[in-house]
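Have a look at final-v7.cif below; it lists mmCIF, C-alpha atoms.
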```cif
data_run
#
loop_
_atom_site.label_atom_id
_atom_site.label_comp_id
_atom_site.auth_asym_id
_atom_site.auth_seq_id
_atom_site.Cartn_x
_atom_site.Cartn_y
_atom_site.Cartn_z
CA MET A 4 -107.08 -40.18 -21.57
CA ALA A 5 -106.94 -41.81 -25.01
CA SER A 6 -106.09 -39.81 -28.11
CA LYS A 7 -108.71 -39.32 -30.77
CA LEU A 8 -106.05 -39.83 -33.45
CA ASP A 9 -105.43 -43.50 -34.17
CA LEU A 10 -101.91 -43.91 -35.66
CA GLY A 11 -101.74 -47.67 -35.25
CA ALA A 12 -101.53 -48.39 -38.98
CA LEU A 13 -98.59 -45.99 -39.57
CA THR A 14 -94.92 -46.91 -39.43
CA LEU A 15 -93.32 -44.21 -37.32
CA ASN A 16 -89.56 -43.78 -37.35
CA PRO A 17 -87.25 -41.40 -35.55
CA GLU A 18 -86.58 -38.21 -37.46
CA GLU A 19 -83.59 -38.61 -39.70
CA ALA A 20 -80.86 -36.04 -40.01
CA ARG A 21 -81.46 -33.83 -43.01
CA SER A 22 -78.23 -31.82 -43.09
CA THR A 23 -74.59 -32.26 -42.18
CA ASN A 24 -75.11 -29.79 -39.31
CA GLU A 25 -77.15 -32.47 -37.57
CA ALA A 26 -74.64 -35.27 -38.07
CA ILE A 27 -71.77 -36.39 -35.90
CA PHE A 28 -68.75 -37.78 -37.71
CA SER A 29 -65.95 -39.85 -36.24
CA GLN A 30 -63.28 -37.44 -35.12
CA VAL A 31 -60.05 -37.23 -37.07
CA TRP A 32 -57.30 -38.55 -34.81
CA SER A 33 -54.93 -35.92 -33.54
CA ARG A 34 -51.49 -35.97 -35.12
CA PRO A 35 -48.82 -33.40 -35.95
CA SER A 36 -48.50 -32.05 -39.45
CA LEU A 37 -45.80 -33.76 -41.46
CA SER A 38 -43.74 -30.58 -41.70
CA GLU A 39 -43.96 -30.14 -37.91
CA SER A 40 -42.42 -33.53 -37.19
CA HIS A 41 -40.22 -34.08 -40.27
CA PHE A 42 -38.16 -32.29 -42.84
CA ILE A 43 -39.76 -32.98 -46.24
CA ALA A 44 -37.21 -33.72 -48.97
CA THR A 45 -38.72 -33.34 -52.44
CA GLY A 46 -37.64 -34.45 -55.90
CA ILE A 47 -37.23 -38.08 -54.78
CA GLN A 48 -38.65 -40.56 -57.31
CA MET A 49 -36.04 -43.32 -57.52
CA LYS A 50 -33.23 -44.86 -55.53
CA THR A 51 -31.09 -41.82 -54.76
CA GLN A 52 -27.84 -41.45 -52.86
CA ILE A 53 -27.77 -39.35 -49.68
CA PRO A 54 -24.15 -38.29 -49.05
CA ILE A 55 -23.43 -37.48 -45.40
CA PHE A 56 -20.29 -35.41 -44.85
CA GLY A 57 -18.45 -35.00 -41.57
CA GLN A 58 -16.30 -32.12 -40.29
CA PHE A 59 -12.59 -31.36 -40.18
CA GLY A 60 -11.11 -32.21 -36.80
CA LEU A 61 -8.42 -30.45 -34.75
CA MET A 62 -6.66 -27.34 -36.01
CA GLY A 63 -4.44 -24.65 -34.45
CA GLN A 64 -0.91 -25.99 -33.92
CA VAL A 65 1.93 -23.65 -33.03
CA ALA A 66 3.61 -22.26 -36.15
CA ASN A 67 6.90 -23.99 -37.00
CA GLY A 68 8.88 -21.15 -38.53
CA CYS A 69 8.86 -21.32 -42.30
CA THR A 70 7.84 -24.96 -42.32
CA PRO A 71 4.04 -25.18 -42.47
CA ASN A 72 2.14 -27.62 -40.35
CA VAL A 73 0.40 -29.97 -42.80
CA SER A 74 -2.88 -31.17 -41.38
CA ALA A 75 -3.79 -34.83 -41.70
CA GLU A 76 -7.46 -34.08 -41.07
CA THR A 77 -10.00 -35.20 -43.68
CA ILE A 78 -13.74 -34.94 -44.12
CA VAL A 79 -15.14 -38.43 -43.74
CA ALA A 80 -18.12 -39.15 -45.98
CA ALA A 81 -20.85 -41.73 -45.47
CA GLN A 82 -23.94 -42.53 -47.48
CA LYS A 83 -27.50 -43.76 -47.30
CA TYR A 84 -30.11 -44.12 -50.03
CA TRP A 85 -33.60 -42.93 -50.60
CA ASP A 86 -35.60 -45.90 -51.90
CA PRO A 87 -39.16 -44.58 -52.29
CA TYR A 88 -42.13 -46.62 -53.38
CA LEU A 89 -44.99 -45.36 -55.51
CA SER A 90 -48.43 -45.75 -53.94
CA GLN A 91 -51.78 -45.71 -55.72
CA ASP A 92 -55.30 -45.84 -54.32
CA ARG A 93 -58.67 -45.26 -55.96
CA LEU A 94 -61.97 -44.54 -54.25
CA VAL A 95 -65.09 -45.15 -56.35
CA HIS A 96 -68.45 -43.55 -55.60
CA CYS A 97 -71.71 -44.26 -57.46
CA ASN A 98 -74.29 -41.67 -56.51
CA ALA A 99 -77.18 -43.93 -57.49
CA ASP A 100 -76.18 -46.38 -54.75
CA ILE A 101 -77.24 -43.96 -52.02
CA ASN A 102 -80.58 -45.05 -50.61
CA GLN A 103 -83.32 -42.72 -51.85
CA LEU A 104 -84.69 -42.47 -48.31
CA PHE A 105 -81.41 -40.99 -47.03
CA LYS A 106 -82.20 -37.31 -46.72
CA MET A 107 -78.89 -35.72 -45.78
CA TRP A 108 -77.55 -35.63 -49.33
CA PRO A 109 -80.54 -35.71 -51.70
CA ARG A 110 -80.31 -36.86 -55.30
CA ALA A 111 -80.49 -34.58 -58.30
CA SER A 112 -84.01 -33.54 -59.27
CA LYS A 113 -83.51 -34.63 -62.90
CA ALA A 114 -83.31 -38.36 -63.52
CA MET A 115 -80.42 -38.09 -66.00
CA ASP A 116 -78.41 -36.14 -63.44
CA THR A 117 -78.66 -38.90 -60.83
CA TRP A 118 -75.20 -40.29 -61.54
CA ASP A 119 -73.01 -37.38 -62.58
CA THR A 120 -74.42 -34.55 -60.44
CA PRO A 121 -74.13 -35.48 -56.77
CA GLU A 122 -74.92 -33.02 -54.03
CA GLN A 123 -71.87 -30.78 -53.61
CA ALA A 124 -71.81 -31.11 -49.83
CA LEU A 125 -71.49 -34.88 -50.24
CA MET A 126 -68.47 -34.58 -52.53
CA ALA A 127 -66.89 -31.99 -50.20
CA PHE A 128 -67.38 -34.39 -47.30
CA LEU A 129 -65.71 -37.25 -49.19
CA ALA A 130 -62.84 -34.98 -50.23
CA ASP A 131 -62.26 -33.82 -46.64
CA ARG A 132 -62.24 -37.38 -45.36
CA LEU A 133 -59.86 -38.47 -48.09
CA THR A 134 -57.27 -35.77 -47.38
CA ASP A 135 -57.44 -36.60 -43.66
CA ALA A 136 -56.84 -40.28 -44.44
CA MET A 137 -53.90 -39.45 -46.72
CA SER A 138 -52.16 -37.42 -44.01
CA TYR A 139 -52.73 -40.10 -41.38
CA ASN A 140 -51.49 -42.95 -43.57
CA ILE A 141 -48.37 -41.14 -44.76
CA GLY A 142 -47.36 -40.61 -41.13
CA ARG A 143 -48.18 -44.23 -40.31
CA ILE A 144 -46.10 -45.57 -43.19
CA ALA A 145 -43.15 -43.25 -42.48
CA TRP A 146 -42.86 -44.53 -38.89
CA PHE A 147 -44.34 -48.01 -38.69
CA ASN A 148 -43.90 -49.84 -41.98
CA ASP A 149 -41.50 -52.76 -42.29
CA LYS A 150 -40.53 -54.55 -45.49
CA THR A 151 -40.58 -57.85 -43.57
CA ALA A 152 -43.89 -57.15 -41.78
CA LYS A 153 -45.77 -60.22 -40.55
CA LEU A 154 -48.87 -60.96 -38.56
CA ALA A 155 -48.38 -61.72 -34.87
CA THR A 156 -49.63 -65.24 -35.59
CA ASN A 157 -46.73 -65.67 -38.03
CA GLY A 158 -44.00 -64.33 -35.76
CA GLY A 159 -44.47 -60.63 -36.47
CA VAL A 160 -46.25 -57.86 -34.58
CA LEU A 161 -49.30 -57.03 -36.71
CA THR A 162 -52.77 -57.62 -35.32
CA ALA A 163 -54.49 -60.72 -36.69
CA ALA A 164 -56.36 -60.37 -40.00
CA GLN A 165 -54.44 -57.27 -41.09
CA ASP A 166 -53.57 -56.95 -44.78
CA VAL A 167 -49.77 -57.02 -44.70
CA THR A 168 -49.52 -55.21 -48.06
CA PHE A 169 -50.41 -51.96 -46.29
CA TRP A 170 -47.39 -52.41 -43.99
CA ASN A 171 -44.48 -53.78 -46.05
CA THR A 172 -43.83 -50.95 -48.52
CA ILE A 173 -40.73 -49.41 -46.85
CA ASP A 174 -38.65 -49.78 -43.71
CA GLY A 175 -40.08 -46.97 -41.61
CA LEU A 176 -38.31 -45.00 -38.92
CA TRP A 177 -39.13 -47.39 -36.08
CA LYS A 178 -37.72 -50.34 -38.05
CA GLN A 179 -34.56 -48.32 -38.67
CA ILE A 180 -34.33 -47.23 -35.02
CA PHE A 181 -34.81 -50.76 -33.65
CA ALA A 182 -32.13 -52.08 -36.01
CA ALA A 183 -29.71 -49.29 -35.11
CA VAL A 184 -30.13 -49.93 -31.37
CA THR A 185 -29.54 -53.65 -31.89
CA ALA A 186 -26.42 -52.95 -33.98
CA THR A 187 -25.33 -50.21 -31.52
CA THR A 188 -24.96 -47.72 -34.37
CA ILE A 189 -27.25 -45.82 -32.04
CA PRO A 190 -24.88 -46.10 -29.06
CA ALA A 191 -26.24 -47.84 -25.98
CA VAL A 192 -26.08 -44.63 -23.96
CA GLN A 193 -28.53 -43.01 -26.41
CA TYR A 194 -31.14 -45.72 -25.79
CA TYR A 195 -33.42 -45.72 -22.75
CA GLU A 196 -35.31 -48.96 -22.06
CA ILE A 197 -38.91 -48.59 -20.94
CA THR A 198 -39.23 -51.76 -18.92
CA GLU A 199 -43.04 -51.75 -18.87
CA ASN A 200 -43.05 -52.37 -22.62
CA GLY A 201 -41.77 -55.88 -21.96
CA GLU A 202 -44.53 -56.87 -19.52
CA ALA A 203 -46.82 -59.80 -20.30
CA SER A 204 -50.27 -58.15 -20.19
CA TYR A 205 -52.05 -54.95 -21.13
CA VAL A 206 -52.52 -54.07 -17.47
CA ALA A 207 -48.86 -54.54 -16.61
CA GLN A 208 -47.72 -52.60 -19.67
CA ASN A 209 -49.96 -49.68 -18.73
CA ALA A 210 -48.77 -49.64 -15.11
CA LEU A 211 -46.02 -47.11 -15.77
CA ALA A 212 -43.82 -46.01 -12.89
CA SER A 213 -44.99 -42.63 -11.66
CA ASP A 214 -41.85 -40.92 -12.94
CA ARG A 215 -41.45 -42.90 -16.17
CA GLY A 216 -42.42 -40.02 -18.46
CA LEU A 217 -40.03 -37.69 -16.65
CA ASN A 218 -37.21 -40.21 -16.84
CA VAL A 219 -37.79 -40.72 -20.56
CA LEU A 220 -37.57 -36.99 -21.27
CA ARG A 221 -34.59 -36.59 -18.94
CA ASN A 222 -32.65 -39.49 -20.45
CA LEU A 223 -33.41 -38.51 -24.02
CA TYR A 224 -32.15 -35.00 -23.25
CA ASN A 225 -29.14 -35.89 -21.12
CA ASN A 226 -27.83 -38.60 -23.46
CA LEU A 227 -28.21 -36.81 -26.79
CA PRO A 228 -24.74 -35.83 -28.05
CA ALA A 229 -23.97 -32.14 -27.52
CA GLU A 230 -23.61 -31.31 -31.21
CA SER A 231 -27.26 -32.14 -31.81
CA PHE A 232 -28.29 -29.18 -29.66
CA ASP A 233 -26.73 -26.87 -32.24
CA THR A 234 -28.88 -28.31 -35.03
CA PRO A 235 -32.13 -26.44 -35.86
CA GLY A 236 -35.42 -28.26 -35.44
CA LEU A 237 -34.59 -30.26 -32.32
CA LYS A 238 -37.83 -31.74 -30.92
CA PHE A 239 -39.10 -34.44 -28.59
CA GLN A 240 -41.70 -36.81 -30.03
CA ILE A 241 -43.34 -39.05 -27.42
CA SER A 242 -46.36 -41.31 -27.19
CA ARG A 243 -49.40 -39.92 -25.42
CA SER A 244 -49.04 -42.51 -22.67
CA LEU A 245 -45.67 -41.04 -21.66
CA TYR A 246 -46.92 -37.48 -21.97
CA LEU A 247 -49.87 -38.16 -19.64
CA ASN A 248 -47.58 -39.94 -17.19
CA TRP A 249 -45.28 -36.91 -17.11
CA LYS A 250 -48.22 -34.54 -16.71
CA ASP A 251 -49.58 -36.61 -13.80
CA PHE A 252 -46.16 -36.54 -12.16
CA LEU A 253 -46.01 -32.75 -12.37
CA GLU A 254 -49.48 -32.43 -10.87
CA ASP A 255 -48.66 -34.85 -8.06
CA LYS A 256 -45.53 -32.86 -7.25
CA SER A 257 -47.42 -29.53 -7.51
CA LEU A 258 -44.98 -28.37 -10.17
CA VAL A 259 -47.44 -27.44 -12.90
CA PHE A 260 -48.04 -23.86 -11.79
CA GLN A 261 -44.36 -23.15 -11.27
CA LEU A 262 -43.41 -24.65 -14.62
CA SER A 263 -46.21 -22.77 -16.36
CA GLN A 264 -44.87 -19.50 -14.96
CA ALA A 265 -41.32 -20.34 -16.01
CA GLU A 266 -42.34 -21.30 -19.53
CA GLN A 267 -45.02 -18.64 -20.10
CA GLY A 268 -48.02 -20.91 -20.21
CA ALA A 269 -46.50 -23.70 -22.33
CA ALA A 270 -45.88 -26.01 -19.39
CA THR A 271 -46.76 -29.23 -21.17
CA ASP A 272 -45.37 -28.27 -24.56
CA ASN A 273 -41.64 -28.36 -23.89
CA TYR A 274 -39.01 -29.85 -21.63
CA ARG A 275 -35.91 -27.81 -20.80
CA GLY A 276 -36.83 -25.48 -23.62
CA ILE A 277 -37.15 -28.23 -26.29
CA PRO A 278 -40.61 -28.53 -27.91
CA ILE A 279 -42.60 -31.72 -27.25
CA ILE A 280 -44.74 -33.24 -29.99
CA VAL A 281 -47.32 -35.59 -28.47
CA ARG A 282 -47.80 -38.49 -30.88
CA ASN A 283 -51.38 -39.51 -30.22
CA ASP A 284 -51.25 -41.35 -33.53
CA TRP A 285 -48.51 -43.68 -32.26
CA ASP A 286 -50.73 -44.84 -29.39
CA ARG A 287 -53.65 -45.51 -31.71
CA ILE A 288 -51.56 -47.32 -34.33
CA VAL A 289 -49.93 -49.62 -31.78
CA LYS A 290 -53.22 -50.36 -30.01
CA THR A 291 -55.09 -51.04 -33.25
CA TYR A 292 -52.50 -52.63 -35.50
CA GLU A 293 -49.70 -54.01 -33.30
CA ASN A 294 -51.79 -55.94 -30.81
CA ASN A 295 -51.39 -59.70 -30.42
CA GLY A 296 -54.42 -60.11 -28.18
CA THR A 297 -52.39 -60.19 -24.97
CA THR A 298 -49.88 -57.36 -25.22
CA LEU A 299 -49.09 -54.33 -27.36
CA ASN A 300 -45.83 -53.94 -29.30
CA LYS A 301 -43.80 -51.35 -27.39
CA PRO A 302 -46.75 -49.04 -26.58
CA HIS A 303 -44.55 -46.40 -24.90
CA ARG A 304 -42.04 -44.71 -27.20
CA GLY A 305 -40.05 -41.52 -27.53
CA VAL A 306 -37.35 -39.88 -29.63
CA LEU A 307 -35.33 -36.69 -29.44
CA SER A 308 -33.78 -35.58 -32.70
CA PRO A 309 -33.65 -32.64 -35.08
CA ILE A 310 -36.50 -33.13 -37.55
CA THR A 311 -33.93 -32.65 -40.35
CA ASN A 312 -32.39 -35.94 -39.19
CA ILE A 313 -35.60 -37.94 -39.76
CA PRO A 314 -36.80 -36.63 -43.13
CA ILE A 315 -39.54 -37.91 -45.38
CA GLY A 316 -38.63 -38.16 -49.07
CA THR A 317 -41.13 -37.65 -51.88
CA SER A 318 -41.33 -36.41 -55.44
CA ASP A 319 -43.47 -33.43 -54.50
CA GLU A 320 -45.08 -32.37 -51.24
CA GLY A 321 -48.33 -31.50 -53.01
CA SER A 322 -49.05 -35.21 -53.55
CA PHE A 323 -49.48 -35.58 -49.78
CA THR A 324 -52.59 -33.39 -49.75
CA SER A 325 -54.06 -33.48 -53.27
CA PHE A 326 -55.89 -36.03 -55.38
CA LYS A 327 -57.41 -36.34 -58.85
CA ALA A 328 -61.22 -36.45 -59.06
CA PHE A 329 -63.22 -37.23 -62.18
CA TYR A 330 -66.50 -38.72 -63.41
CA ASP A 331 -66.65 -41.57 -65.92
CA ASN A 332 -69.72 -41.86 -68.15
CA VAL A 333 -69.08 -45.52 -68.94
CA THR A 334 -69.16 -46.76 -65.35
CA MET A 335 -71.40 -43.87 -64.20
CA SER A 336 -69.21 -43.43 -61.14
CA HIS A 337 -67.07 -40.76 -59.55
CA TYR A 338 -63.39 -41.55 -58.96
CA MET A 339 -60.85 -40.08 -56.58
CA ASP A 340 -57.25 -41.13 -57.21
CA THR A 341 -54.36 -40.64 -54.81
CA SER A 342 -50.69 -41.35 -55.38
CA TRP A 343 -47.37 -40.43 -53.81
CA TYR A 344 -43.72 -41.38 -53.72
CA LEU A 345 -42.64 -42.01 -50.14
CA ASP A 346 -39.65 -43.01 -48.07
CA SER A 347 -38.35 -42.02 -44.63
CA LYS A 348 -34.81 -42.06 -43.33
CA LEU A 349 -32.86 -41.90 -40.10
CA LEU A 350 -29.79 -40.08 -41.40
CA GLU A 351 -27.26 -39.80 -38.56
CA GLU A 352 -27.58 -42.19 -35.64
CA SER A 353 -25.34 -39.90 -33.59
CA LYS A 354 -28.02 -37.20 -33.64
CA ILE A 355 -30.89 -39.11 -32.06
CA SER A 356 -31.72 -40.53 -28.64
CA VAL A 357 -34.56 -43.01 -28.33
CA ALA A 358 -36.74 -44.72 -25.74
CA PHE A 359 -38.93 -47.79 -26.11
#
```
Turn this file's structure into structure tokens for me.
Amino acid sequence: MASKLDLGALTLNPEEARSTNEAIFSQVWSRPSLSESHFIATGIQMKTQIPIFGQFGLMGQVANGCTPNVSAETIVAAQKYWDPYLSQDRLVHCNADINQLFKMWPRASKAMDTWDTPEQALMAFLADRLTDAMSYNIGRIAWFNDKTAKLATNGGVLTAAQDVTFWNTIDGLWKQIFAAVTATTIPAVQYYEITENGEASYVAQNALASDRGLNVLRNLYNNLPAESFDTPGLKFQISRSLYLNWKDFLEDKSLVFQLSQAEQGAATDNYRGIPIIVRNDWDRIVKTYENNGTTLNKPHRGVLSPITNIPIGTSDEGSFTSFKAFYDNVTMSHYMDTSWYLDSKLLEESKISVAF
């Protein structure tokens, strides 16, 4: 039966969202807080020496009458350097550029307020997204940057069309780890090779042996020098691919329930009593930014180290989560400025075991 209301001349559109409650935003990628995965060293603004002091060695010889035993032991010192760079980014927002038909964040009712009085929920949304992006990028830079970064097409590892200037600010922790393994300053026994990383296709790289995750955790633990277990803040950090492989192995062996009982419900959060940090961000970064179109650059990775041994250096920790916001009458735009000093360091190669 035909309707008596003829709407043929009207343009009918789906109902638009009118509030943030009706919107779905891209999820912020899971990652640990910086203080969970690193010690944060503050007051670092320029190239600064990091003295590393050893310990006295053997003591306790039998007394030799009235002639004292003179020890030849010394404290051996080494050094590294903080070499932070100063970042600066500006986000510019002109409220008048928002389409008037967009109903989620309406314009000011007064014409003169169009530019300098945006809807508060809009500015809160931009601020939230900015602080999320700051945290993500600081972690990315601390681990993945490389002063000699190149695109895969130029002999490097970066995905084609990437802007290299986002990647060559410092030598991040992975660059330092790779170099230390090559130079054997991280001894060979403290390095576990994940053979699937060297395969020639995505499929082959992802075909991890069923016990690969277990073997990574076991080798990282078994081959870390004993003195590291006395250092506070000892933690595993592993890619999600290895974590899922380990979890699958436990399920296949029907060990999950037993392990959960033994570890009071934290079955997938620690191994032999050492906390595990699952680095979902590593998987995403490698897949998105270190992808040559055929393979990924070492997609499966893990480290075991006290977080005090892999610190991040900065002038002040507050710069990692805060920004300066202001409105400029001349350009009729809102500005949000971020800036931080940043460097990351592997301090003592003897206190880390690695897998990649």
How close does range 270-340 of chain A get to range 192-201 of chain A? List, as a Markdown table, each residue of range 270-340 of chain A within 12 Å, its nearest atom pair and the distance in Å to one decimal, counting only C-alpha atoms.
```
| residue | atom | partner | partner_atom | distance |
| --- | --- | --- | --- | --- |
| A:Val289 | CA | A:Asn200 | CA | 11.8 |
| A:Thr297 | CA | A:Gly201 | CA | 11.8 |
| A:Thr298 | CA | A:Asn200 | CA | 8.8 |
| A:Leu299 | CA | A:Asn200 | CA | 7.9 |
| A:Asn300 | CA | A:Asn200 | CA | 7.4 |
| A:Lys301 | CA | A:Asn200 | CA | 4.9 |
| A:Pro302 | CA | A:Asn200 | CA | 6.4 |
| A:His303 | CA | A:Asn200 | CA | 6.6 |
| A:Arg304 | CA | A:Ile197 | CA | 8.0 |
| A:Gly305 | CA | A:Tyr195 | CA | 9.2 |
| A:Val306 | CA | A:Tyr194 | CA | 9.3 |
| A:Leu307 | CA | A:Gln193 | CA | 9.8 |
| A:Ser308 | CA | A:Gln193 | CA | 11.1 |
```
Suppose a student applies the PyMOL selection byres ((chain A and resi 152) around 8) to this structure; what residues should they get, written as a list in words?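 That expression, the PyMOL selection byres ((chain A and resi 152) around 8), corresponds here to Asn148, Asp149, Lys150, Thr151, Lys153, Leu154, Gly159, Val160, Leu161, Val167, Trp170 and Asn171 of chain A.
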Take the PyMOL selection byres ((chain A and resi 86) around 12), run it mentally on this structure, and tell me the resulting residues as a count of residues only. 27
Given all atoms listed in the file as the basis, pick out the residue of A:Ala328, A:Ile180, A:Leu349, A:Ile277 nearest to Leu94 in chain A.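 So, comparing all the options, the nearest one is A:Ala328.
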For the provided coordinates, the residues matched by the PyMOL selection byres ((chain A and resi 222) around 12) should be stated as a PyMOL selection string. chain A and resi 191-197+214-221+223-228+239+274+305-307+355-359
To one decimal place, how far is CA of Thr341 in chain A from CA of Arg93 in chain A in Å?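 If I compute the distance from CA of Thr341 in chain A to CA of Arg93 in chain A, I get 6.4 Å.
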In Å, rounded to a single decimal, give me how far CA of Thr162 in chain A is from CA of Thr291 in chain A. 7.3 Å
Coordinates-based distance that separates CA of Ser325 in chain A from CA of Pro278 in chain A (Å, one decimal):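 Distance reported for this atom pair: 29.1 Å.
For the set A:Ser36, A:Asn248, A:Asn157, A:Asn294, the residue with the smallest atom-to-atom gap to Asp135 in chain A is A:Ser36, counting all atoms listed in the file.
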At most 7 Å from (-44.4, -34.6, -24.2), file frame, all atoms listed in the file: which residues, as a ChimeraX atom specification? /A:239-241,246,271-273,279-281
